[in-house]
Amino acid sequence: MGKGLFITGTGTDIGKTYVTGLIVKCLRDAGMHAGYYKAALSGAERDAAGRLLPGDALHVNEVAGLGETMPHLVSYIYEEAVSPHLAAQRSGMPIDFDKVRRDFHAALTRYDYLTMEGSGGIICPLRWDETQHVVLDDLVKDLGLGTLVIADAGLGTINAVVLTIEHLRAREIPVRGIIFNHCHPGDFMEEDNARMVEEMTQVPVLARVQPGDKALRMGAAELAALYA
């Protein structure tokens, strides 16, 4: 059975998938048997045959050279670019969390290091109907995973990072570290943002990703140590 790590973001469109691809690639480039899994993906486009294409999973599959089939990468794919709970309601295809657990544990048996990517921020609703109310943090806690927080390096990130980490701690979900995306070397505000979130949360900024980066500026052994 492999080890897992959950990747969450401080919100939508902060580049969580881009950074996740670099994370999995870093491990695989070091010769580690690393894989990827996502429970639910919304905003999928269709191919010429009308099949839904899970963009996030396809990106990581390509960047990290996984060569995986889509059913192994993501359990639920929705077309509308809305929160998974709403996409599920509108499509009539609610998430079955027993299936998610099975798919997650099956992925753990295939890989030594499994990176699970979330949807949006940590309080993203996954299912909200007359049967169940499940938010992303409920799933992370149920699976017993620690988290790595991906955040934008720019203005407003102090508030977003601190609130995300405080919520994770309130739910007793371990926080392994922070990675900043959209970094610009020498930017005084971004440098202060990193310093402030470390001082306010006591969680380290482990890496900084610049636009166009093809590799993660972090050692594979240090990265692998975050998985449990």
# chains A, B, ... in the order shown; residues from 1 in each chain; ligands from 1
>>> residues_around(residues="A:Gly31", least_positions_apart="2", cutoff="12 Å", atoms="only C-alpha atoms", output="VMD selection string")
chain A and resid 24 to 29 33 to 34 64 112 to 113 220 to 221 224
>>> write_last_selection(atoms="N, CA, C and O atoms", output="compact mmCIF listing (two decimals), in the first residue's frame")
# COMPACT_ATOMS: atom_id res chain seq x y z
N VAL A 24 4.11 15.63 -9.09
CA VAL A 24 4.18 14.22 -9.51
C VAL A 24 5.38 13.99 -10.42
O VAL A 24 6.08 12.97 -10.31
N LYS A 25 5.66 14.93 -11.30
CA LYS A 25 6.81 14.82 -12.19
C LYS A 25 8.12 14.79 -11.41
O LYS A 25 9.04 14.01 -11.74
N CYS A 26 8.23 15.60 -10.38
CA CYS A 26 9.44 15.65 -9.55
C CYS A 26 9.74 14.27 -8.96
O CYS A 26 10.88 13.81 -9.00
N LEU A 27 8.72 13.63 -8.43
CA LEU A 27 8.91 12.31 -7.84
C LEU A 27 9.28 11.27 -8.90
O LEU A 27 10.19 10.46 -8.70
N ARG A 28 8.58 11.31 -10.01
CA ARG A 28 8.82 10.31 -11.05
C ARG A 28 10.20 10.50 -11.70
O ARG A 28 10.87 9.53 -12.04
N ASP A 29 10.61 11.76 -11.87
CA ASP A 29 11.93 12.02 -12.45
C ASP A 29 13.05 11.49 -11.55
O ASP A 29 14.15 11.21 -12.02
N HIS A 33 7.89 5.68 -7.82
CA HIS A 33 6.65 5.22 -8.44
C HIS A 33 5.51 6.08 -7.91
O HIS A 33 4.90 5.77 -6.88
N ALA A 34 5.23 7.18 -8.60
CA ALA A 34 4.28 8.17 -8.13
C ALA A 34 3.09 8.26 -9.07
O ALA A 34 3.24 8.18 -10.30
N ALA A 64 3.49 14.52 -16.15
CA ALA A 64 4.24 13.58 -15.33
C ALA A 64 4.55 12.26 -16.04
O ALA A 64 5.24 11.41 -15.48
N ASP A 112 3.50 3.96 -5.06
CA ASP A 112 4.15 4.17 -3.77
C ASP A 112 3.81 5.54 -3.19
O ASP A 112 3.74 5.71 -1.98
N TYR A 113 3.65 6.52 -4.09
CA TYR A 113 3.33 7.89 -3.67
C TYR A 113 2.15 8.38 -4.50
O TYR A 113 2.28 8.60 -5.71
N ALA A 220 13.38 15.86 -4.42
CA ALA A 220 12.41 14.77 -4.45
C ALA A 220 12.31 14.07 -3.10
O ALA A 220 11.21 13.67 -2.67
N ALA A 221 13.43 13.92 -2.42
CA ALA A 221 13.41 13.25 -1.12
C ALA A 221 12.63 14.08 -0.10
O ALA A 221 11.85 13.54 0.70
N ALA A 224 8.97 13.69 -1.02
CA ALA A 224 8.45 12.35 -0.68
C ALA A 224 8.18 12.23 0.82
O ALA A 224 7.27 11.49 1.22
>>> closest_atom_pairs(of="stretch 47-106 of chain A", to="stretch 134-146 of chain A", cutoff="9 Å", atoms="only C-alpha atoms", output="CSV")
residue,atom,partner,partner_atom,distance
A:His85,CA,A:Val134,CA,8.7
A:Phe97,CA,A:Leu139,CA,8.3
A:Arg101,CA,A:Leu143,CA,7.5
A:Phe104,CA,A:Leu143,CA,8.6
>>> closest_residue(among="A:Gly67, A:Gly11, A:Gly177, A:Gly4", to="A:Gly156", atoms="only C-alpha atoms")
A:Gly11
